[in-house]
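One file, input-v1.txt, is given below (compact mmCIF, N, CA and C atoms).
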# COMPACT_ATOMS: atom_id res chain seq x y z
N MET B 1 -4.74 -23.16 -9.78
CA MET B 1 -5.35 -21.90 -10.15
C MET B 1 -4.71 -20.77 -9.34
N MET B 2 -4.64 -19.63 -9.92
CA MET B 2 -4.03 -18.46 -9.29
C MET B 2 -5.13 -17.51 -8.82
N THR B 3 -4.96 -16.96 -7.62
CA THR B 3 -5.92 -16.00 -7.08
C THR B 3 -5.51 -14.58 -7.46
N PRO B 4 -6.44 -13.63 -7.38
CA PRO B 4 -6.07 -12.23 -7.65
C PRO B 4 -4.95 -11.74 -6.73
N SER B 5 -4.99 -12.10 -5.46
CA SER B 5 -3.94 -11.63 -4.54
C SER B 5 -2.58 -12.26 -4.89
N GLN B 6 -2.58 -13.50 -5.36
CA GLN B 6 -1.33 -14.12 -5.79
C GLN B 6 -0.77 -13.39 -7.01
N CYS B 7 -1.65 -12.97 -7.91
CA CYS B 7 -1.21 -12.24 -9.10
C CYS B 7 -0.57 -10.92 -8.69
N ARG B 8 -1.21 -10.18 -7.80
CA ARG B 8 -0.65 -8.91 -7.32
C ARG B 8 0.70 -9.15 -6.64
N ALA B 9 0.77 -10.19 -5.80
CA ALA B 9 2.01 -10.48 -5.07
C ALA B 9 3.13 -10.88 -6.03
N ALA B 10 2.81 -11.67 -7.03
CA ALA B 10 3.82 -12.09 -8.01
C ALA B 10 4.37 -10.88 -8.77
N ARG B 11 3.48 -9.99 -9.18
CA ARG B 11 3.96 -8.79 -9.87
C ARG B 11 4.84 -7.95 -8.97
N ALA B 12 4.47 -7.87 -7.69
CA ALA B 12 5.28 -7.10 -6.74
C ALA B 12 6.66 -7.73 -6.57
N LEU B 13 6.71 -9.05 -6.43
CA LEU B 13 8.01 -9.72 -6.29
C LEU B 13 8.90 -9.47 -7.50
N LEU B 14 8.29 -9.48 -8.67
CA LEU B 14 9.04 -9.31 -9.91
C LEU B 14 9.25 -7.85 -10.28
N SER B 15 8.59 -6.95 -9.56
CA SER B 15 8.65 -5.51 -9.86
C SER B 15 8.25 -5.23 -11.30
N ILE B 16 7.12 -5.82 -11.72
CA ILE B 16 6.62 -5.55 -13.07
C ILE B 16 5.23 -4.93 -12.98
N SER B 17 4.94 -4.08 -13.92
CA SER B 17 3.66 -3.38 -13.98
C SER B 17 2.60 -4.26 -14.66
N GLN B 18 1.37 -3.81 -14.57
CA GLN B 18 0.30 -4.49 -15.31
C GLN B 18 0.55 -4.39 -16.80
N ASP B 19 1.10 -3.28 -17.26
CA ASP B 19 1.44 -3.13 -18.68
C ASP B 19 2.45 -4.19 -19.11
N ALA B 20 3.49 -4.37 -18.30
CA ALA B 20 4.52 -5.36 -18.64
C ALA B 20 3.95 -6.77 -18.62
N LEU B 21 3.10 -7.06 -17.64
CA LEU B 21 2.48 -8.38 -17.58
C LEU B 21 1.56 -8.60 -18.78
N ALA B 22 0.86 -7.57 -19.17
CA ALA B 22 -0.01 -7.67 -20.35
C ALA B 22 0.82 -8.02 -21.59
N ALA B 23 1.96 -7.37 -21.74
CA ALA B 23 2.83 -7.65 -22.89
C ALA B 23 3.37 -9.07 -22.84
N LYS B 24 3.76 -9.54 -21.66
CA LYS B 24 4.34 -10.88 -21.51
C LYS B 24 3.30 -11.98 -21.68
N SER B 25 2.06 -11.72 -21.26
CA SER B 25 1.04 -12.76 -21.26
C SER B 25 0.12 -12.74 -22.47
N GLY B 26 0.08 -11.61 -23.17
CA GLY B 26 -0.85 -11.48 -24.28
C GLY B 26 -2.28 -11.22 -23.81
N VAL B 27 -2.44 -10.85 -22.55
CA VAL B 27 -3.75 -10.56 -21.96
C VAL B 27 -3.87 -9.05 -21.81
N ALA B 28 -5.03 -8.51 -22.11
CA ALA B 28 -5.24 -7.06 -22.03
C ALA B 28 -5.03 -6.55 -20.60
N LYS B 29 -4.41 -5.37 -20.50
CA LYS B 29 -4.18 -4.75 -19.19
C LYS B 29 -5.49 -4.59 -18.43
N ARG B 30 -6.55 -4.22 -19.11
CA ARG B 30 -7.85 -4.04 -18.47
C ARG B 30 -8.33 -5.34 -17.82
N THR B 31 -8.08 -6.45 -18.47
CA THR B 31 -8.47 -7.76 -17.92
C THR B 31 -7.65 -8.06 -16.67
N ILE B 32 -6.35 -7.80 -16.73
CA ILE B 32 -5.48 -8.04 -15.57
C ILE B 32 -5.92 -7.16 -14.40
N ALA B 33 -6.17 -5.88 -14.68
CA ALA B 33 -6.60 -4.96 -13.62
C ALA B 33 -7.91 -5.39 -13.00
N SER B 34 -8.87 -5.81 -13.81
CA SER B 34 -10.16 -6.26 -13.29
C SER B 34 -10.01 -7.52 -12.46
N PHE B 35 -9.16 -8.43 -12.90
CA PHE B 35 -8.90 -9.66 -12.15
C PHE B 35 -8.27 -9.34 -10.80
N GLU B 36 -7.24 -8.50 -10.81
CA GLU B 36 -6.54 -8.17 -9.56
C GLU B 36 -7.43 -7.42 -8.58
N LYS B 37 -8.37 -6.62 -9.07
CA LYS B 37 -9.30 -5.89 -8.20
C LYS B 37 -10.49 -6.76 -7.80
N GLU B 38 -10.53 -7.99 -8.34
CA GLU B 38 -11.62 -8.93 -8.08
C GLU B 38 -12.96 -8.40 -8.57
N ASP B 39 -12.91 -7.59 -9.64
CA ASP B 39 -14.13 -7.10 -10.26
C ASP B 39 -14.81 -8.18 -11.09
N ARG B 40 -13.99 -9.04 -11.70
CA ARG B 40 -14.55 -10.14 -12.49
C ARG B 40 -13.51 -11.25 -12.60
N LYS B 41 -14.00 -12.45 -12.88
CA LYS B 41 -13.12 -13.60 -13.06
C LYS B 41 -12.99 -13.88 -14.55
N PRO B 42 -11.79 -13.78 -15.08
CA PRO B 42 -11.60 -14.11 -16.51
C PRO B 42 -11.75 -15.61 -16.76
N TYR B 43 -11.77 -15.97 -18.01
CA TYR B 43 -11.77 -17.39 -18.38
C TYR B 43 -10.55 -18.07 -17.79
N ASP B 44 -10.66 -19.36 -17.52
CA ASP B 44 -9.54 -20.12 -16.97
C ASP B 44 -8.31 -20.03 -17.87
N ARG B 45 -8.51 -20.08 -19.18
CA ARG B 45 -7.36 -20.01 -20.11
C ARG B 45 -6.65 -18.67 -20.02
N THR B 46 -7.40 -17.61 -19.70
CA THR B 46 -6.79 -16.28 -19.54
C THR B 46 -5.96 -16.23 -18.27
N ILE B 47 -6.49 -16.77 -17.19
CA ILE B 47 -5.73 -16.83 -15.93
C ILE B 47 -4.49 -17.69 -16.12
N ASP B 48 -4.62 -18.77 -16.87
CA ASP B 48 -3.46 -19.63 -17.14
C ASP B 48 -2.38 -18.88 -17.90
N ALA B 49 -2.76 -18.06 -18.87
CA ALA B 49 -1.78 -17.29 -19.64
C ALA B 49 -1.03 -16.31 -18.74
N ILE B 50 -1.76 -15.68 -17.82
CA ILE B 50 -1.12 -14.75 -16.88
C ILE B 50 -0.18 -15.52 -15.97
N ARG B 51 -0.65 -16.66 -15.45
CA ARG B 51 0.16 -17.46 -14.53
C ARG B 51 1.44 -17.94 -15.21
N VAL B 52 1.33 -18.44 -16.41
CA VAL B 52 2.51 -18.94 -17.14
C VAL B 52 3.52 -17.82 -17.36
N ALA B 53 3.05 -16.63 -17.72
CA ALA B 53 3.95 -15.50 -17.92
C ALA B 53 4.69 -15.16 -16.63
N LEU B 54 3.99 -15.19 -15.51
CA LEU B 54 4.63 -14.90 -14.23
C LEU B 54 5.61 -16.01 -13.83
N GLU B 55 5.24 -17.25 -14.08
CA GLU B 55 6.15 -18.36 -13.79
C GLU B 55 7.41 -18.28 -14.65
N CYS B 56 7.25 -17.95 -15.91
CA CYS B 56 8.41 -17.82 -16.80
C CYS B 56 9.32 -16.67 -16.36
N ALA B 57 8.75 -15.70 -15.68
CA ALA B 57 9.53 -14.56 -15.18
C ALA B 57 10.24 -14.88 -13.87
N GLY B 58 9.91 -16.04 -13.25
CA GLY B 58 10.69 -16.46 -12.10
C GLY B 58 9.98 -16.69 -10.78
N VAL B 59 8.65 -16.76 -10.78
CA VAL B 59 7.96 -17.05 -9.52
C VAL B 59 7.27 -18.40 -9.60
N GLU B 60 6.92 -18.92 -8.43
CA GLU B 60 6.10 -20.12 -8.39
C GLU B 60 4.95 -19.87 -7.42
N PHE B 61 3.86 -20.52 -7.70
CA PHE B 61 2.66 -20.34 -6.89
C PHE B 61 2.52 -21.49 -5.92
N ILE B 62 2.16 -21.16 -4.70
CA ILE B 62 2.00 -22.14 -3.63
C ILE B 62 0.51 -22.33 -3.43
N ALA B 63 0.07 -23.56 -3.54
CA ALA B 63 -1.36 -23.87 -3.41
C ALA B 63 -1.81 -23.73 -1.97
N GLU B 64 -3.10 -23.55 -1.81
CA GLU B 64 -3.71 -23.54 -0.48
C GLU B 64 -3.50 -24.93 0.11
N ASN B 65 -2.80 -24.99 1.23
CA ASN B 65 -2.49 -26.30 1.83
C ASN B 65 -2.64 -26.24 3.34
N GLY B 66 -3.52 -25.41 3.80
CA GLY B 66 -3.70 -25.25 5.23
C GLY B 66 -2.95 -24.05 5.77
N GLY B 67 -1.90 -23.63 5.07
CA GLY B 67 -1.12 -22.49 5.50
C GLY B 67 -1.42 -21.26 4.68
N GLY B 68 -2.28 -21.39 3.71
CA GLY B 68 -2.66 -20.27 2.85
C GLY B 68 -1.92 -20.29 1.54
N ALA B 69 -2.60 -19.87 0.50
CA ALA B 69 -2.01 -19.79 -0.82
C ALA B 69 -0.96 -18.69 -0.83
N GLY B 70 0.03 -18.83 -1.68
CA GLY B 70 1.09 -17.82 -1.71
C GLY B 70 1.85 -17.83 -3.02
N VAL B 71 2.93 -17.07 -3.02
CA VAL B 71 3.81 -16.95 -4.18
C VAL B 71 5.21 -16.68 -3.66
N ARG B 72 6.19 -17.19 -4.37
CA ARG B 72 7.59 -16.97 -3.97
C ARG B 72 8.46 -17.04 -5.21
N PHE B 73 9.69 -16.56 -5.05
CA PHE B 73 10.65 -16.73 -6.14
C PHE B 73 10.92 -18.21 -6.32
N ARG B 74 11.05 -18.61 -7.58
CA ARG B 74 11.38 -20.01 -7.88
C ARG B 74 12.84 -20.24 -7.53
N LYS B 75 13.11 -21.34 -6.90
CA LYS B 75 14.48 -21.69 -6.53
C LYS B 75 15.29 -21.92 -7.80
N ALA B 76 16.45 -21.30 -7.86
CA ALA B 76 17.32 -21.47 -9.01
C ALA B 76 17.82 -22.90 -9.05
N ASN B 77 17.82 -23.47 -10.24
CA ASN B 77 18.32 -24.82 -10.42
C ASN B 77 19.73 -24.70 -10.99
N ASN B 78 20.71 -24.76 -10.08
CA ASN B 78 22.09 -24.58 -10.52
C ASN B 78 22.90 -25.87 -10.47
N GLY B 79 22.19 -26.99 -10.45
CA GLY B 79 22.88 -28.27 -10.50
C GLY B 79 23.36 -28.79 -9.17
N HIS B 80 23.04 -28.14 -8.07
CA HIS B 80 23.48 -28.60 -6.75
C HIS B 80 22.37 -29.32 -6.04
Rendering of file as structure tokens:
Amino acid sequence: MMTPSQCRAARALLSISQDALAAKSGVAKRTIASFEKEDRKPYDRTIDAIRVALECAGVEFIAENGGGAGVRFRKANNGH
């Protein structure tokens, strides 16, 4: 699952706006904004659509594993 702060961080890494994420994910900008501000929690399927769009754009989400949840650029798979 993706947290609101991970969503904000992923957009920052990718330099994309909420409008662009809305277009890529098919989720309304208002829903993304409310999620990121922690005003409300969307349905799990909605969060999944946002997460998949961000992953397709090049980030990966790091689960809470004692060091804190996070986000980073996905390592390029160049065959090495």
Shortest interatomic distance to Arg8 in chain B - which of B:Val71, B:Lys24, B:Glu60, B:Asp39, counting only C-alpha atoms
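Once distances to Arg8 in chain B are computed over only C-alpha atoms, the minimum belongs to B:Val71.
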If we count only C-alpha atoms and set the cut-off at 6 Å, which residues sit around Lys29 in chain B, ignoring sequence neighbours fewer than 2 positions away in its own chain? Please answer as an MDAnalysis selection string.
chainID B and resid 18:19 22 31:32
For CA of Ser25 in chain B and CA of Gly68 in chain B, determine how far apart the two atoms are, in Å to one decimal place.
25.5 Å
Given 5 Å on each side, where is the centre and what are the edge lengths in Å to one decimal of the axis-aligned box enclosing the listed atoms of range 41-50 of chain B, as JSON?
{"center_x": -7.1, "center_y": -16.3, "center_z": -16.5, "size_x": 23.8, "size_y": 17.7, "size_z": 17.2}
Point-to-point distance in Å for CA of Arg74 in chain B and CA of Arg40 in chain B:
28.1 Å
Residues near Glu55 in chain B, cut-off 12 Å, only C-alpha atoms, skip fewer than 4 positions along chain, as an MDAnalysis selection string
chainID B and resid 2 6:7 10:11 13:14 21 24:25 48:51 59:62 71:75
How far is it from atom N of Ala33 in chain B to CA of Pro4 in chain B, in Å with one decimal?
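Separation of atom N of Ala33 in chain B and CA of Pro4 in chain B: 9.5 Å.
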List every residue of chain B that DSSP, applied to the backbone, labels as alpha helix (DSSP H), and write the result as a PDB file with N, CA and C atoms, in the coordinates of the input.
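File part-v7.pdb, as written:
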ATOM      1  N   PRO B   4      -6.440 -13.630  -7.380  1.00  0.00           N
ATOM      2  CA  PRO B   4      -6.070 -12.230  -7.650  1.00  0.00           C
ATOM      3  C   PRO B   4      -4.950 -11.740  -6.730  1.00  0.00           C
ATOM      4  N   SER B   5      -4.990 -12.100  -5.460  1.00  0.00           N
ATOM      5  CA  SER B   5      -3.940 -11.630  -4.540  1.00  0.00           C
ATOM      6  C   SER B   5      -2.580 -12.260  -4.890  1.00  0.00           C
ATOM      7  N   GLN B   6      -2.580 -13.500  -5.360  1.00  0.00           N
ATOM      8  CA  GLN B   6      -1.330 -14.120  -5.790  1.00  0.00           C
ATOM      9  C   GLN B   6      -0.770 -13.390  -7.010  1.00  0.00           C
ATOM     10  N   CYS B   7      -1.650 -12.970  -7.910  1.00  0.00           N
ATOM     11  CA  CYS B   7      -1.210 -12.240  -9.100  1.00  0.00           C
ATOM     12  C   CYS B   7      -0.570 -10.920  -8.690  1.00  0.00           C
ATOM     13  N   ARG B   8      -1.210 -10.180  -7.800  1.00  0.00           N
ATOM     14  CA  ARG B   8      -0.650  -8.910  -7.320  1.00  0.00           C
ATOM     15  C   ARG B   8       0.700  -9.150  -6.640  1.00  0.00           C
ATOM     16  N   ALA B   9       0.770 -10.190  -5.800  1.00  0.00           N
ATOM     17  CA  ALA B   9       2.010 -10.480  -5.070  1.00  0.00           C
ATOM     18  C   ALA B   9       3.130 -10.880  -6.030  1.00  0.00           C
ATOM     19  N   ALA B  10       2.810 -11.670  -7.030  1.00  0.00           N
ATOM     20  CA  ALA B  10       3.820 -12.090  -8.010  1.00  0.00           C
ATOM     21  C   ALA B  10       4.370 -10.880  -8.770  1.00  0.00           C
ATOM     22  N   ARG B  11       3.480  -9.990  -9.180  1.00  0.00           N
ATOM     23  CA  ARG B  11       3.960  -8.790  -9.870  1.00  0.00           C
ATOM     24  C   ARG B  11       4.840  -7.950  -8.970  1.00  0.00           C
ATOM     25  N   ALA B  12       4.470  -7.870  -7.690  1.00  0.00           N
ATOM     26  CA  ALA B  12       5.280  -7.100  -6.740  1.00  0.00           C
ATOM     27  C   ALA B  12       6.660  -7.730  -6.570  1.00  0.00           C
ATOM     28  N   LEU B  13       6.710  -9.050  -6.430  1.00  0.00           N
ATOM     29  CA  LEU B  13       8.010  -9.720  -6.290  1.00  0.00           C
ATOM     30  C   LEU B  13       8.900  -9.470  -7.500  1.00  0.00           C
ATOM     31  N   LEU B  14       8.290  -9.480  -8.670  1.00  0.00           N
ATOM     32  CA  LEU B  14       9.040  -9.310  -9.910  1.00  0.00           C
ATOM     33  C   LEU B  14       9.250  -7.850 -10.280  1.00  0.00           C
ATOM     34  N   GLN B  18       1.370  -3.810 -14.570  1.00  0.00           N
ATOM     35  CA  GLN B  18       0.300  -4.490 -15.310  1.00  0.00           C
ATOM     36  C   GLN B  18       0.550  -4.390 -16.800  1.00  0.00           C
ATOM     37  N   ASP B  19       1.100  -3.280 -17.260  1.00  0.00           N
ATOM     38  CA  ASP B  19       1.440  -3.130 -18.680  1.00  0.00           C
ATOM     39  C   ASP B  19       2.450  -4.190 -19.110  1.00  0.00           C
ATOM     40  N   ALA B  20       3.490  -4.370 -18.300  1.00  0.00           N
ATOM     41  CA  ALA B  20       4.520  -5.360 -18.640  1.00  0.00           C
ATOM     42  C   ALA B  20       3.950  -6.770 -18.620  1.00  0.00           C
ATOM     43  N   LEU B  21       3.100  -7.060 -17.640  1.00  0.00           N
ATOM     44  CA  LEU B  21       2.480  -8.380 -17.580  1.00  0.00           C
ATOM     45  C   LEU B  21       1.560  -8.600 -18.780  1.00  0.00           C
ATOM     46  N   ALA B  22       0.860  -7.570 -19.170  1.00  0.00           N
ATOM     47  CA  ALA B  22      -0.010  -7.670 -20.350  1.00  0.00           C
ATOM     48  C   ALA B  22       0.820  -8.020 -21.590  1.00  0.00           C
ATOM     49  N   ALA B  23       1.960  -7.370 -21.740  1.00  0.00           N
ATOM     50  CA  ALA B  23       2.830  -7.650 -22.890  1.00  0.00           C
ATOM     51  C   ALA B  23       3.370  -9.070 -22.840  1.00  0.00           C
ATOM     52  N   LYS B  24       3.760  -9.540 -21.660  1.00  0.00           N
ATOM     53  CA  LYS B  24       4.340 -10.880 -21.510  1.00  0.00           C
ATOM     54  C   LYS B  24       3.300 -11.980 -21.680  1.00  0.00           C
ATOM     55  N   SER B  25       2.060 -11.720 -21.260  1.00  0.00           N
ATOM     56  CA  SER B  25       1.040 -12.760 -21.260  1.00  0.00           C
ATOM     57  C   SER B  25       0.120 -12.740 -22.470  1.00  0.00           C
ATOM     58  N   LYS B  29      -4.410  -5.370 -20.500  1.00  0.00           N
ATOM     59  CA  LYS B  29      -4.180  -4.750 -19.190  1.00  0.00           C
ATOM     60  C   LYS B  29      -5.490  -4.590 -18.430  1.00  0.00           C
ATOM     61  N   ARG B  30      -6.550  -4.220 -19.110  1.00  0.00           N
ATOM     62  CA  ARG B  30      -7.850  -4.040 -18.470  1.00  0.00           C
ATOM     63  C   ARG B  30      -8.330  -5.340 -17.820  1.00  0.00           C
ATOM     64  N   THR B  31      -8.080  -6.450 -18.470  1.00  0.00           N
ATOM     65  CA  THR B  31      -8.470  -7.760 -17.920  1.00  0.00           C
ATOM     66  C   THR B  31      -7.650  -8.060 -16.670  1.00  0.00           C
ATOM     67  N   ILE B  32      -6.350  -7.800 -16.730  1.00  0.00           N
ATOM     68  CA  ILE B  32      -5.480  -8.040 -15.570  1.00  0.00           C
ATOM     69  C   ILE B  32      -5.920  -7.160 -14.400  1.00  0.00           C
ATOM     70  N   ALA B  33      -6.170  -5.880 -14.680  1.00  0.00           N
ATOM     71  CA  ALA B  33      -6.600  -4.960 -13.620  1.00  0.00           C
ATOM     72  C   ALA B  33      -7.910  -5.390 -13.000  1.00  0.00           C
ATOM     73  N   SER B  34      -8.870  -5.810 -13.810  1.00  0.00           N
ATOM     74  CA  SER B  34     -10.160  -6.260 -13.290  1.00  0.00           C
ATOM     75  C   SER B  34     -10.010  -7.520 -12.460  1.00  0.00           C
ATOM     76  N   PHE B  35      -9.160  -8.430 -12.900  1.00  0.00           N
ATOM     77  CA  PHE B  35      -8.900  -9.660 -12.150  1.00  0.00           C
ATOM     78  C   PHE B  35      -8.270  -9.340 -10.800  1.00  0.00           C
ATOM     79  N   GLU B  36      -7.240  -8.500 -10.810  1.00  0.00           N
ATOM     80  CA  GLU B  36      -6.540  -8.170  -9.560  1.00  0.00           C
ATOM     81  C   GLU B  36      -7.430  -7.420  -8.580  1.00  0.00           C
ATOM     82  N   ASP B  44     -10.660 -19.360 -17.520  1.00  0.00           N
ATOM     83  CA  ASP B  44      -9.540 -20.120 -16.970  1.00  0.00           C
ATOM     84  C   ASP B  44      -8.310 -20.030 -17.870  1.00  0.00           C
ATOM     85  N   ARG B  45      -8.510 -20.080 -19.180  1.00  0.00           N
ATOM     86  CA  ARG B  45      -7.360 -20.010 -20.110  1.00  0.00           C
ATOM     87  C   ARG B  45      -6.650 -18.670 -20.020  1.00  0.00           C
ATOM     88  N   THR B  46      -7.400 -17.610 -19.700  1.00  0.00           N
ATOM     89  CA  THR B  46      -6.790 -16.280 -19.540  1.00  0.00           C
ATOM     90  C   THR B  46      -5.960 -16.230 -18.270  1.00  0.00           C
ATOM     91  N   ILE B  47      -6.490 -16.770 -17.190  1.00  0.00           N
ATOM     92  CA  ILE B  47      -5.730 -16.830 -15.930  1.00  0.00           C
ATOM     93  C   ILE B  47      -4.490 -17.690 -16.120  1.00  0.00           C
ATOM     94  N   ASP B  48      -4.620 -18.770 -16.870  1.00  0.00           N
ATOM     95  CA  ASP B  48      -3.460 -19.630 -17.140  1.00  0.00           C
ATOM     96  C   ASP B  48      -2.380 -18.880 -17.900  1.00  0.00           C
ATOM     97  N   ALA B  49      -2.760 -18.060 -18.870  1.00  0.00           N
ATOM     98  CA  ALA B  49      -1.780 -17.290 -19.640  1.00  0.00           C
ATOM     99  C   ALA B  49      -1.030 -16.310 -18.740  1.00  0.00           C
ATOM    100  N   ILE B  50      -1.760 -15.680 -17.820  1.00  0.00           N
ATOM    101  CA  ILE B  50      -1.120 -14.750 -16.880  1.00  0.00           C
ATOM    102  C   ILE B  50      -0.180 -15.520 -15.970  1.00  0.00           C
ATOM    103  N   ARG B  51      -0.650 -16.660 -15.450  1.00  0.00           N
ATOM    104  CA  ARG B  51       0.160 -17.460 -14.530  1.00  0.00           C
ATOM    105  C   ARG B  51       1.440 -17.940 -15.210  1.00  0.00           C
ATOM    106  N   VAL B  52       1.330 -18.440 -16.410  1.00  0.00           N
ATOM    107  CA  VAL B  52       2.510 -18.940 -17.140  1.00  0.00           C
ATOM    108  C   VAL B  52       3.520 -17.820 -17.360  1.00  0.00           C
ATOM    109  N   ALA B  53       3.050 -16.630 -17.720  1.00  0.00           N
ATOM    110  CA  ALA B  53       3.950 -15.500 -17.920  1.00  0.00           C
ATOM    111  C   ALA B  53       4.690 -15.160 -16.630  1.00  0.00           C
ATOM    112  N   LEU B  54       3.990 -15.190 -15.510  1.00  0.00           N
ATOM    113  CA  LEU B  54       4.630 -14.900 -14.230  1.00  0.00           C
ATOM    114  C   LEU B  54       5.610 -16.010 -13.830  1.00  0.00           C
ATOM    115  N   GLU B  55       5.240 -17.250 -14.080  1.00  0.00           N
ATOM    116  CA  GLU B  55       6.150 -18.360 -13.790  1.00  0.00           C
ATOM    117  C   GLU B  55       7.410 -18.280 -14.650  1.00  0.00           C
ATOM    118  N   CYS B  56       7.250 -17.950 -15.910  1.00  0.00           N
ATOM    119  CA  CYS B  56       8.410 -17.820 -16.800  1.00  0.00           C
ATOM    120  C   CYS B  56       9.320 -16.670 -16.360  1.00  0.00           C
TER     121      CYS B  56
END
Nearest residue to Ala53 in chain B out of B:Glu38, B:Gly26, B:Met1, B:Gly67, using all atoms listed in the file?
B:Gly26
Would you give me, as a list in words, the residues in chain B that DSSP reads as strand (DSSP E)?
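DSSP on the backbone gives strand (DSSP E) at Val59, Glu60, Phe61, Ile62, Gly70, Val71, Arg72 and Phe73 of chain B.
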